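K.L.:
Below is one structure. I have some questions about it.
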Number of protein chains: 2
Amino acid sequence: MFHFITIIAKGLVFLALPTMYPETEPTGDDAQAISPLVKQYEPAARQILEATMKSNDAWDKLEELCLTVGHRLSGSPGLERAIDWAIAAMNSEGQENVRREKVMVPHWVRGRESATIVKPHEMRMAMLGLGGSVGTPSAGITAPVEVVVNEEELESLGSGAKGKIILFNYPMPPYDPQRGSGYGKAVRFRTNGARLASVHGAVACLVRSVTANSLHTPHCGAMRYGDAKVKIPAAAVSIEDAETIAGLRRRGVEVVVNLKMEAKTYPDAESANVIGELRGTTWPDEVVVIGGHIDAWDVGHGAHDDGGGCVIAMDAINILRKLKLIPKRTIRVVLWTNEENGLRGGKAYARDHADELKNHVAAIESDSGVFAPRGYSVQCHDKDREHLAAEQMRAILSLLQPIGLMTVTTGYSGADISPMGPANVVLMGHRVEGSKYFDYHHSPADTIDKVDRDDFSRNVAALATVAYVLADMPLRIGDKE
Amino acid sequence: MFHFITIIAKGLVFLALPTMYPETEPTGDDAQAISPLVKQYEPAARQILEATMKSNDAWDKLEELCLTVGHRLSGSPGLERAIDWAIAAMNSEGQENVRREKVMVPHWVRGRESATIVKPHEMRMAMLGLGGSVGTPSAGITAPVEVVVNEEELESLGSGAKGKIILFNYPMPPYDPQRGSGYGKAVRFRTNGARLASVHGAVACLVRSVTANSLHTPHCGAMRYGDAKVKIPAAAVSIEDAETIAGLRRRGVEVVVNLKMEAKTYPDAESANVIGELRGTTWPDEVVVIGGHIDAWDVGHGAHDDGGGCVIAMDAINILRKLKLIPKRTIRVVLWTNEENGLRGGKAYARDHADELKNHVAAIESDSGVFAPRGYSVQCHDKDREHLAAEQMRAILSLLQPIGLMTVTTGYSGADISPMGPANVVLMGHRVEGSKYFDYHHSPADTIDKVDRDDFSRNVAALATVAYVLADMPLRIGDKE
């Protein structure tokens with residue numbers, strides 16, 4: 001998951017997160033008006049839930065993607081294998097119009113890398129170069145480290161940053177059920193740290209991994225040089241390593257680090273968005289998009305981010321087709337490529353399908369992990385339409401009561417769907433329990449063993465039910481009755 | 001922490017753990033009999049608690065050890081720096097008879113190492129060579145992997161193990177407040193896996209890290225070749241990596257791994273136990289030993305295992321001296337060397353002080369981490385004495401009520417003190433809340449940031465109070481009144 005919506009403030013980029021939007025109760029009249037309409041879908045919802053909970057097809061499919069395909073970072077053979085795998089799976093399940101839609105993607109390769117404290121005593125750190133970073137000379141960069149918590153501390157270092165490796169040691173707070181993760185605020189140093197440090201003459205940039213919990217686990221992610229005059233290499237280190245360096249510096253001990261990175265950016269590579277459809281019976285040209293992103297960072301399995309999102313979309317139309325629940329409109333699975341370090345897939349889809357977007361009834365993205373489902377976020381350029389769609393979704397989600405309490409939020413709903421926003425498409429984010437997501441996010445710990453089988457089936461059931469109702473009900477979501 | 005007490009059963013070695021012994025309630029007459037005696041120590045206990053909670057001296061001391069000394073595996077310069085550090089700290093705090101007692105220790109060096117899945121797709125694993133393992137040729141060992149869960153599965157592989165790398169994928173269950181950690185049962189593959197696999201012609205041994213929780217974190221520890229005819233290299237891999245390989249094999253996919261280890265055992269090196277005393281006023285030759293082990297694995301800080309145990313012992317006599325609470329008997333801090341991969345320190349202490357052991361009133365070891373204190377285990381060769389000592393300890397622990405509920409268990413109390421067992425010394429283990437210990441144990445995540453400052457002070461207070469009472473009360477613990 002990469003957060004696309006950015007707010008420029010005080011010269012810094014902050015990222016807007018779903019968790020910044022309060023959940024509201026389903027009290028509106030609009031929700032009540034849609035209720036009889038929703039009621040007729042109760043048997044279908046029950047059927048979907050029973051079928052998904054009975055089999056673990058979806059989880060097995062995710063395991064196959066996670067284990068047999070290999071890493072799937074943009075530009076890698078693994079990503080293209082994953083795309084082939086998804087095409088083959090959807091074909092074998094009898095989906096329609098299964099195809100690739102070509103997208104050129106950035107091609108950054110990590111190579112070998114290491115970060116080692118060489119003074120006061122040798123200690124190898126857990127590190128990951130940041131996506132898009134330049135590499136180091138082959139002997140690495142060896143320099144003393146200065147630690148700062150934020151931009152102000154960097155400023156106050158002044159010329160003290162010159163020739164140094166700057167470590168941004170901004171702590172992400174523990175997950176809070178009300179306020180969410182605090183990721184949005186903490187991630188700015190990963191994104192912008194190298195640019196900020198280079199202005200002050202730093203020779204490299206280290207960033208405390210953007211997570212609240214660590215067992216010596218590094219978390220990677222994208223960085224940007226923006227208007228930086230000098231591109232310095234940037235890497236994330238584990239919380240433990242960041243705290244070790246910070247503790248030594250607090251004690252006045254000089255810390256020298258050697259950073260070696262072979263990282264390199266090659267010319268853009270060919271990739272593709274993957275598409276497969278459950279064609280509608282009555283209004284097949286009206287489309288409900290559901291999907292996730294097929295690319296992932298080159299560590300772990302990308303199980304929660306975002307193999308799970310892809311597979312629940314694939315399995316949602318699989319289960320509907322098996323149950324012969326064919327809706328009036330088309331449900332289109334889209335597996336976007338290159339969400340993590342470019343968003344080229346999301347941009348290409350909106351551009352290549354621009355003429356169709358007026359018939360996109362909704363676009364639902366799942367890119368927050370596949371923990372227990374908790375509801376949906378709703379976002380629309382037209383705020384009246386957003387409000388109405390949110391109220392209607394509250395009524396629709398009553399169908400999911402057997403799965404657990406579902407709530408509706410409004411606001412940011414997903415990176416890959418965001419380029420469809422200006423066309424006034426109703427965008428939705430598939431929301432899940434969020435307390436552990438950032439423990440695994442972009443790290444080698446984002447693996448299939450972290451995905452609960454039953455929760456995963458519940459995600460399929462929730463998404464299949466919502467997509468089916470949105471694609472079948474006479475009313476287009478967000479329209480006045 | 002290394003578990004020294006072993007029970008040979010069915011040809012396998014199981015490890016006896018404190019958690020295997022049930023806690024019992026303080027109901028005996030003996031506890032009541034000692035109560036008036038205990039009551040007189042309430043003002044001292046209050047004083048100790050207030051003083052420890054007011055300052056974070058002890059935590060700062062632990063941080064200094066963790067950050068500035070470096071790794072302290074037996075045979076390393078870091079261990080000798082740690083010993084120098086402890087000597088200097090106890091001298092500066094005015095302790096008496098501060099000294100080294102020479103001990104020769106095993107000298108195993110990890111060197112560079114890696115384990116990489118090379119087929120079906122390249123994936124670098126999180127690994128740690130096991131202490132005592134031989135290395136590999138410099139190009140490493142490249143071979144297909146077979147996965148077994150236990151000894152029976154290895155047996156049933158038969159000749160299928162020949163030429164293979166055997167992965168023991170035995171899962172340690174989640175921590176259970178009643179039944180403890182399950183470490184004792186799971187650790188046998190780390191200890192014996194290489195020997196078992198070599199019998200079947202395996203070329204190397206991988207072991208799932210002995211922990212219930214992982215964020216791609218490897219956990220090392222000691223292994224033994226025993227009577228193995230062929231010594232094959234052995235390493236631990238993270239749960240995620242073990243599950244990745246196991247999942248691929250379940251799907252019938254061939255998995256090939258390259259294991260590279262420079263590990264080497266050198267001739268024994270000189271090290272030392274560290275000793276410092278708070279000399280008793282009345283019976284100075286009667287001794288209460290308190291301590292932990294000064295060596296640690298060469299990853300992380302060894303903060304919980306067992307830097308914390310050392311520092312709470314050092315600070316216990318520091319705080320008593322500061323408060324001028326000088327007991328009638330001597331409290332002797334012993335920081336044993338080489339607990340992790342040899343127990344040479346513990347054995348040397350019992351041997352070199354054999355004549356004195358009849359005057360060792362008690363020996364308390366802290367080697368289960370420094371989470372919130374929960375009580376003490378009591379162990380004595382003479383079971384009547386053990387029972388009586390446990391009852392008396394229950395009365396003494398009532399002094400610690402302001403810190404939290406303390407309980408007494410009987411049985412295994414610590415590795416370093418165990419060689420004093422045959423001399424009928426009353427052995428005690430300083431017990432703490434145990435749910436997280438094995439998440440960090442022997443891993444690069446056992447770092448100072450995992451130690452709560454207030455809990456750490458509470459450990460100092462608990463140990464100082466117990467040591468003071470044991471050293472001061474007219475009755476020798478375990479004696480009939």
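Ligands are numbered from 1 in the order shown, residues from 1 within each chain, and chains are lettered A, B, ... in the order they appear in the structure tokens.
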Tell me which protein, DNA and RNA residues are within 9 Å of Val426 (chain A), counting only C-alpha atoms, leaving out same-chain ones fewer than 4 positions away, and put them as a ChimeraX atom specification.

P.N.:
/A:360-364,378-382,385-386,389,420-421,477-478

K.L.:
Go ahead and write the residues just picked, C-alpha atoms, as a short mmCIF file (atom, residue, chain, number, x, y, z; two decimals), in the first residue's frame.

P.N.:
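File written: selection-v1.cif
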data_model
loop_
_atom_site.label_atom_id
_atom_site.label_comp_id
_atom_site.auth_asym_id
_atom_site.auth_seq_id
_atom_site.Cartn_x
_atom_site.Cartn_y
_atom_site.Cartn_z
CA HIS A 360 -18.32 2.74 -13.79
CA VAL A 361 -20.92 2.40 -11.06
CA ALA A 362 -18.26 1.91 -8.40
CA ALA A 363 -14.60 0.98 -8.06
CA ILE A 364 -13.59 -0.97 -4.94
CA VAL A 378 -16.64 5.69 0.31
CA GLN A 379 -15.14 8.58 -1.66
CA CYS A 380 -16.57 10.66 -4.47
CA HIS A 381 -15.51 13.89 -6.09
CA ASP A 382 -19.13 15.09 -5.77
CA ARG A 385 -23.02 11.85 -4.08
CA GLU A 386 -20.39 10.62 -1.59
CA ALA A 389 -23.48 6.55 -1.45
CA MET A 420 -10.81 7.58 -11.50
CA GLY A 421 -11.81 10.15 -8.90
CA ILE A 477 -25.03 3.63 -5.88
CA GLY A 478 -24.99 7.36 -5.15
#

K.L.:
Please identify the strand (DSSP E) residues within region 26-189 of chain B (assignment by DSSP from backbone atoms) and present them as a PyMOL selection string.

P.N.:
chain B and resi 96-109+113-119+123-124+127-129+141-148+165-168

K.L.:
Take CA of Gly94 (chain B) and CA of Val311 (chain B) and report the distance between them in Å, one decimal.

P.N.:
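Calculated distance between CA of Gly94 (chain B) and CA of Val311 (chain B) is 15.5 Å.
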
K.L.:
Would you give me, as a Markdown table, each residue of chain A having an atom within 10 Å of an atom of chain B, along with its shortest atom pair and that distance in Å to one decimal, using only C-alpha atoms and sorting by chain and residue number?

P.N.:
| residue | atom | partner | partner_atom | distance |
| --- | --- | --- | --- | --- |
| A:Glu63 | CA | B:Gly247 | CA | 8.1 |
| A:Glu64 | CA | B:Arg251 | CA | 8.6 |
| A:Cys66 | CA | B:Thr244 | CA | 8.7 |
| A:Leu67 | CA | B:Leu248 | CA | 6.3 |
| A:Thr68 | CA | B:Leu248 | CA | 7.1 |
| A:Val69 | CA | B:His121 | CA | 7.5 |
| A:Gly70 | CA | B:His121 | CA | 5.6 |
| A:His71 | CA | B:Met123 | CA | 8.1 |
| A:Gly78 | CA | B:His121 | CA | 8.6 |
| A:Lys119 | CA | B:Gly70 | CA | 9.9 |
| A:Pro120 | CA | B:Thr68 | CA | 7.2 |
| A:His121 | CA | B:Gly70 | CA | 5.6 |
| A:Glu122 | CA | B:Gly70 | CA | 7.5 |
| A:Met123 | CA | B:Gly70 | CA | 7.8 |
| A:Arg124 | CA | B:Val299 | CA | 8.8 |
| A:Met125 | CA | B:Pro444 | CA | 9.2 |
| A:Ala126 | CA | B:Pro444 | CA | 9.0 |
| A:Asn213 | CA | B:Leu215 | CA | 9.2 |
| A:Ser214 | CA | B:Leu215 | CA | 7.0 |
| A:Leu215 | CA | B:Ala445 | CA | 4.8 |
| A:His216 | CA | B:Ala445 | CA | 5.0 |
| A:Thr217 | CA | B:Leu215 | CA | 6.3 |
| A:Pro218 | CA | B:Leu215 | CA | 9.4 |
| A:Ser238 | CA | B:Ala445 | CA | 9.5 |
| A:Ile239 | CA | B:Asp449 | CA | 8.8 |
| A:Glu240 | CA | B:Thr447 | CA | 6.7 |
| A:Asp241 | CA | B:Gly300 | CA | 9.0 |
| A:Glu243 | CA | B:Asp449 | CA | 7.2 |
| A:Thr244 | CA | B:Leu67 | CA | 6.4 |
| A:Ile245 | CA | B:Leu67 | CA | 8.4 |
| A:Ala246 | CA | B:Leu67 | CA | 9.9 |
| A:Gly247 | CA | B:Leu67 | CA | 7.2 |
| A:Leu248 | CA | B:Leu67 | CA | 6.4 |
| A:Arg251 | CA | B:Glu64 | CA | 8.6 |
| A:Val253 | CA | B:Thr68 | CA | 8.2 |
| A:Asp298 | CA | B:Met123 | CA | 9.2 |
| A:Val299 | CA | B:Met123 | CA | 8.2 |
| A:Gly300 | CA | B:Glu240 | CA | 8.3 |
| A:His301 | CA | B:Thr244 | CA | 9.1 |
| A:Asp439 | CA | B:Leu215 | CA | 7.9 |
| A:Tyr440 | CA | B:Leu215 | CA | 7.3 |
| A:Ser443 | CA | B:Leu215 | CA | 8.4 |
| A:Pro444 | CA | B:His216 | CA | 6.0 |
| A:Ala445 | CA | B:Leu215 | CA | 4.8 |
| A:Asp446 | CA | B:Leu215 | CA | 8.3 |
| A:Thr447 | CA | B:Glu240 | CA | 6.7 |
| A:Ile448 | CA | B:Thr244 | CA | 8.3 |
| A:Asp449 | CA | B:Glu240 | CA | 7.0 |
| A:Lys450 | CA | B:Glu240 | CA | 9.0 |

K.L.:
Which is closer to Met127 (chain A) than all the others in A:Ile87, A:Glu153, A:Thr52, A:Gly221, using only C-alpha atoms?

P.N.:
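Among the listed residues, A:Gly221 lies closest to Met127 (chain A).
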
K.L.:
Excluding region 391-405 of chain B and any residue of its chain fewer than 2 positions from it, enumerate the residues within 8 Å of it, using only C-alpha atoms, and give them as a PyMOL selection string.

P.N.:
chain B and resi 26+28+30-32+34-35+38-39+41-42+45+373-375+387-389+407-408+458+462+465-466+469+477-478

K.L.:
Restricted to C-alpha atoms, what would the selected residues look like written as a tab-separated table (two decimals), in the first residue's frame?

P.N.:
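Below is the file that was written, result-v6.tsv:
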chain	number	residue	atom	x	y	z
B	26	PRO	CA	1.14	-20.23	50.87
B	28	GLY	CA	1.59	-24.11	55.40
B	30	ASP	CA	5.87	-22.96	58.37
B	31	ALA	CA	4.93	-19.82	56.47
B	32	GLN	CA	2.88	-18.61	59.42
B	34	ILE	CA	8.10	-17.15	60.00
B	35	SER	CA	5.64	-14.25	59.63
B	38	VAL	CA	9.34	-11.15	58.28
B	39	LYS	CA	7.25	-8.31	59.64
B	41	TYR	CA	11.63	-6.13	57.49
B	42	GLU	CA	8.65	-4.14	56.23
B	45	ALA	CA	11.36	-3.31	52.04
B	373	PRO	CA	8.68	-9.66	38.59
B	374	ARG	CA	6.39	-12.54	39.59
B	375	GLY	CA	8.18	-14.39	42.36
B	387	HIS	CA	9.56	-27.60	50.85
B	388	LEU	CA	10.42	-25.67	53.99
B	389	ALA	CA	12.39	-23.05	52.08
B	407	THR	CA	4.25	-16.63	43.88
B	408	VAL	CA	6.67	-19.40	44.75
B	458	ARG	CA	10.79	-3.46	40.31
B	462	ALA	CA	12.39	-7.50	44.53
B	465	THR	CA	14.60	-7.11	49.34
B	466	VAL	CA	14.78	-10.89	49.13
B	469	VAL	CA	16.11	-10.62	54.24
B	477	ILE	CA	16.36	-20.31	54.79
B	478	GLY	CA	15.31	-23.96	54.76

K.L.:
If we count only C-alpha atoms and set the cut-off at 9 Å, which residues sit around Glu433 (chain A), ignoring sequence neighbours fewer than 4 positions away in its own chain? Please answer as a list in words.

P.N.:
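Near neighbours after the sequence-gap exclusion: Ser368, Gly369, Val370, Phe371, Ala372, Pro373, Arg374 and Tyr437 of chain A.
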
K.L.:
What is the distance between CA of Glu339 (chain A) and CA of Val109 (chain A), in Å to one decimal?

P.N.:
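Calculated distance between CA of Glu339 (chain A) and CA of Val109 (chain A) is 15.9 Å.
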
K.L.:
Given the choices A:Pro422, A:Glu286, A:Gly434, A:Arg81, which gets closest to Arg179 (chain A) if the distance is worked out from only C-alpha atoms?

P.N.:
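Under the stated criterion, the closest residue is A:Gly434.
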
K.L.:
Figure out the distance between CA of Asp295 (chain B) and CA of Pro419 (chain B), please, to one decimal in Å.

P.N.:
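Separating CA of Pro419 (chain B) from CA of Asp295 (chain B) is a distance of 17.8 Å.
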
K.L.:
Would you pick out the contacts of Leu343 (chain A) at 10 Å or less, using only C-alpha atoms, so that residues sharing its chain but fewer than 4 positions from it are not included, and give the list as a compact mmCIF listing (two decimals) with N, CA and C atoms, in the first residue's frame?

P.N.:
# COMPACT_ATOMS: atom_id res chain seq x y z
N PHE A 2 0.62 2.10 -0.94
CA PHE A 2 1.35 3.34 -1.08
C PHE A 2 0.28 4.41 -1.06
N HIS A 3 0.47 5.49 -0.33
CA HIS A 3 -0.60 6.46 -0.23
C HIS A 3 -0.42 7.58 -1.22
N PHE A 4 -1.35 7.67 -2.14
CA PHE A 4 -1.23 8.53 -3.29
C PHE A 4 -1.68 9.95 -3.00
N VAL A 105 6.38 0.19 -16.68
CA VAL A 105 6.58 0.45 -15.24
C VAL A 105 8.05 0.76 -14.94
N PRO A 106 8.28 1.50 -13.85
CA PRO A 106 9.66 1.75 -13.41
C PRO A 106 10.35 0.42 -13.09
N HIS A 293 -3.63 -4.66 -6.04
CA HIS A 293 -2.46 -4.52 -6.92
C HIS A 293 -1.61 -5.78 -6.92
N TRP A 336 -4.14 -4.18 -10.56
CA TRP A 336 -3.26 -3.13 -11.05
C TRP A 336 -1.79 -3.50 -10.88
N THR A 337 -0.99 -3.08 -11.82
CA THR A 337 0.45 -3.29 -11.69
C THR A 337 1.10 -2.02 -11.13
N ASN A 338 2.26 -2.21 -10.47
CA ASN A 338 3.11 -1.07 -10.08
C ASN A 338 2.46 -0.06 -9.14
N GLU A 339 1.65 -0.56 -8.20
CA GLU A 339 1.13 0.37 -7.21
C GLU A 339 2.23 0.90 -6.32
N LYS A 347 -2.96 4.63 -12.96
CA LYS A 347 -3.07 5.76 -13.90
C LYS A 347 -3.45 5.27 -15.29
N ALA A 348 -2.84 4.16 -15.72
CA ALA A 348 -3.10 3.64 -17.07
C ALA A 348 -4.55 3.19 -17.20
N ALA A 415 -5.29 3.85 -3.56
CA ALA A 415 -4.36 4.51 -4.48
C ALA A 415 -4.69 4.20 -5.94
N ASP A 416 -4.90 2.93 -6.26
CA ASP A 416 -5.07 2.55 -7.67
C ASP A 416 -6.36 3.09 -8.27
N ILE A 417 -7.38 3.26 -7.44
CA ILE A 417 -8.66 3.75 -7.95
C ILE A 417 -8.70 5.28 -7.99
N SER A 418 -7.76 5.92 -7.28
CA SER A 418 -7.83 7.37 -7.15
C SER A 418 -7.78 8.11 -8.50
N PRO A 419 -7.08 7.61 -9.53
CA PRO A 419 -7.11 8.34 -10.81
C PRO A 419 -8.50 8.36 -11.47

K.L.:
What lies within 7 Å of Ser377 (chain A) using only C-alpha atoms, ignoring chain neighbours under 5 positions off, as a PDB file with N, CA and C atoms, in the first residue's frame?

P.N.:
ATOM      1  N   VAL A 408     -19.109   2.226   7.822  1.00  0.00           N
ATOM      2  CA  VAL A 408     -18.790   2.978   6.605  1.00  0.00           C
ATOM      3  C   VAL A 408     -18.091   4.267   7.007  1.00  0.00           C
ATOM      4  N   THR A 409     -16.996   4.548   6.361  1.00  0.00           N
ATOM      5  CA  THR A 409     -16.321   5.830   6.563  1.00  0.00           C
ATOM      6  C   THR A 409     -16.361   6.571   5.229  1.00  0.00           C
ATOM      7  N   THR A 410     -16.071   7.846   5.258  1.00  0.00           N
ATOM      8  CA  THR A 410     -15.955   8.578   3.998  1.00  0.00           C
ATOM      9  C   THR A 410     -14.545   9.136   3.869  1.00  0.00           C
ATOM     10  N   GLY A 411     -14.085   9.244   2.645  1.00  0.00           N
ATOM     11  CA  GLY A 411     -12.757   9.796   2.388  1.00  0.00           C
ATOM     12  C   GLY A 411     -11.901   8.842   1.592  1.00  0.00           C
ATOM     13  N   SER A 413      -9.927   6.306  -0.364  1.00  0.00           N
ATOM     14  CA  SER A 413     -10.362   4.907  -0.474  1.00  0.00           C
ATOM     15  C   SER A 413      -9.387   3.987  -1.191  1.00  0.00           C
ATOM     16  N   MET A 428     -14.416   3.104  -3.515  1.00  0.00           N
ATOM     17  CA  MET A 428     -14.586   2.475  -2.197  1.00  0.00           C
ATOM     18  C   MET A 428     -13.339   1.709  -1.800  1.00  0.00           C
ATOM     19  N   GLY A 429     -13.065   1.750  -0.518  1.00  0.00           N
ATOM     20  CA  GLY A 429     -11.961   0.968   0.034  1.00  0.00           C
ATOM     21  C   GLY A 429     -12.515  -0.164   0.895  1.00  0.00           C
ATOM     22  N   HIS A 430     -12.030  -1.366   0.658  1.00  0.00           N
ATOM     23  CA  HIS A 430     -12.411  -2.535   1.463  1.00  0.00           C
ATOM     24  C   HIS A 430     -11.616  -2.453   2.761  1.00  0.00           C
ATOM     25  N   ARG A 431     -12.309  -2.252   3.895  1.00  0.00           N
ATOM     26  CA  ARG A 431     -11.615  -1.998   5.164  1.00  0.00           C
ATOM     27  C   ARG A 431     -11.562  -3.243   6.054  1.00  0.00           C
TER      28      ARG A 431
END

K.L.:
Taking only C-alpha atoms into account, name the residue in A:Ala115, A:Val274, A:Val334, A:Ile83 that is nearest to Val289 (chain A).

P.N.:
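Ranking A:Ala115, A:Val274, A:Val334, A:Ile83 by distance to Val289 (chain A), first place goes to A:Val334.
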
K.L.:
So that I can see what lies close to Val287 (chain A), please list as a list in words the residues with an atom at most 9 Å from it, counting only C-alpha atoms and leaving out residues fewer than 3 positions away in the same chain.

P.N.:
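Contacts, in chain order: Arg279, Gly280, Trp283, Pro284, Arg329, Thr330, Ile331, Arg332, Glu356, Leu357, Asn359, His360, Val361, Ala362, Ala363 and Ala471 of chain A.
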
K.L.:
Write out the residues from the selection above, keeping C-alpha atoms, as a PDB file, in the first residue's frame.

P.N.:
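Result saved to result05.pdb:
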ATOM      1  CA  ARG A 279     -20.385 -10.146 -17.445  1.00  0.00           C
ATOM      2  CA  GLY A 280     -23.707  -8.629 -16.464  1.00  0.00           C
ATOM      3  CA  TRP A 283     -26.580  -3.826 -18.439  1.00  0.00           C
ATOM      4  CA  PRO A 284     -23.217  -5.454 -19.206  1.00  0.00           C
ATOM      5  CA  ARG A 329     -24.175  -5.277 -14.441  1.00  0.00           C
ATOM      6  CA  THR A 330     -20.628  -6.485 -15.066  1.00  0.00           C
ATOM      7  CA  ILE A 331     -18.245  -7.075 -12.175  1.00  0.00           C
ATOM      8  CA  ARG A 332     -14.730  -6.464 -13.432  1.00  0.00           C
ATOM      9  CA  GLU A 356     -16.053   3.967 -19.964  1.00  0.00           C
ATOM     10  CA  LEU A 357     -15.752   5.683 -16.600  1.00  0.00           C
ATOM     11  CA  ASN A 359     -20.507   3.725 -16.708  1.00  0.00           C
ATOM     12  CA  HIS A 360     -18.318   2.742 -13.787  1.00  0.00           C
ATOM     13  CA  VAL A 361     -20.917   2.395 -11.061  1.00  0.00           C
ATOM     14  CA  ALA A 362     -18.260   1.915  -8.399  1.00  0.00           C
ATOM     15  CA  ALA A 363     -14.600   0.977  -8.063  1.00  0.00           C
ATOM     16  CA  ALA A 471     -23.919  -4.687  -9.750  1.00  0.00           C
TER      17      ALA A 471
END
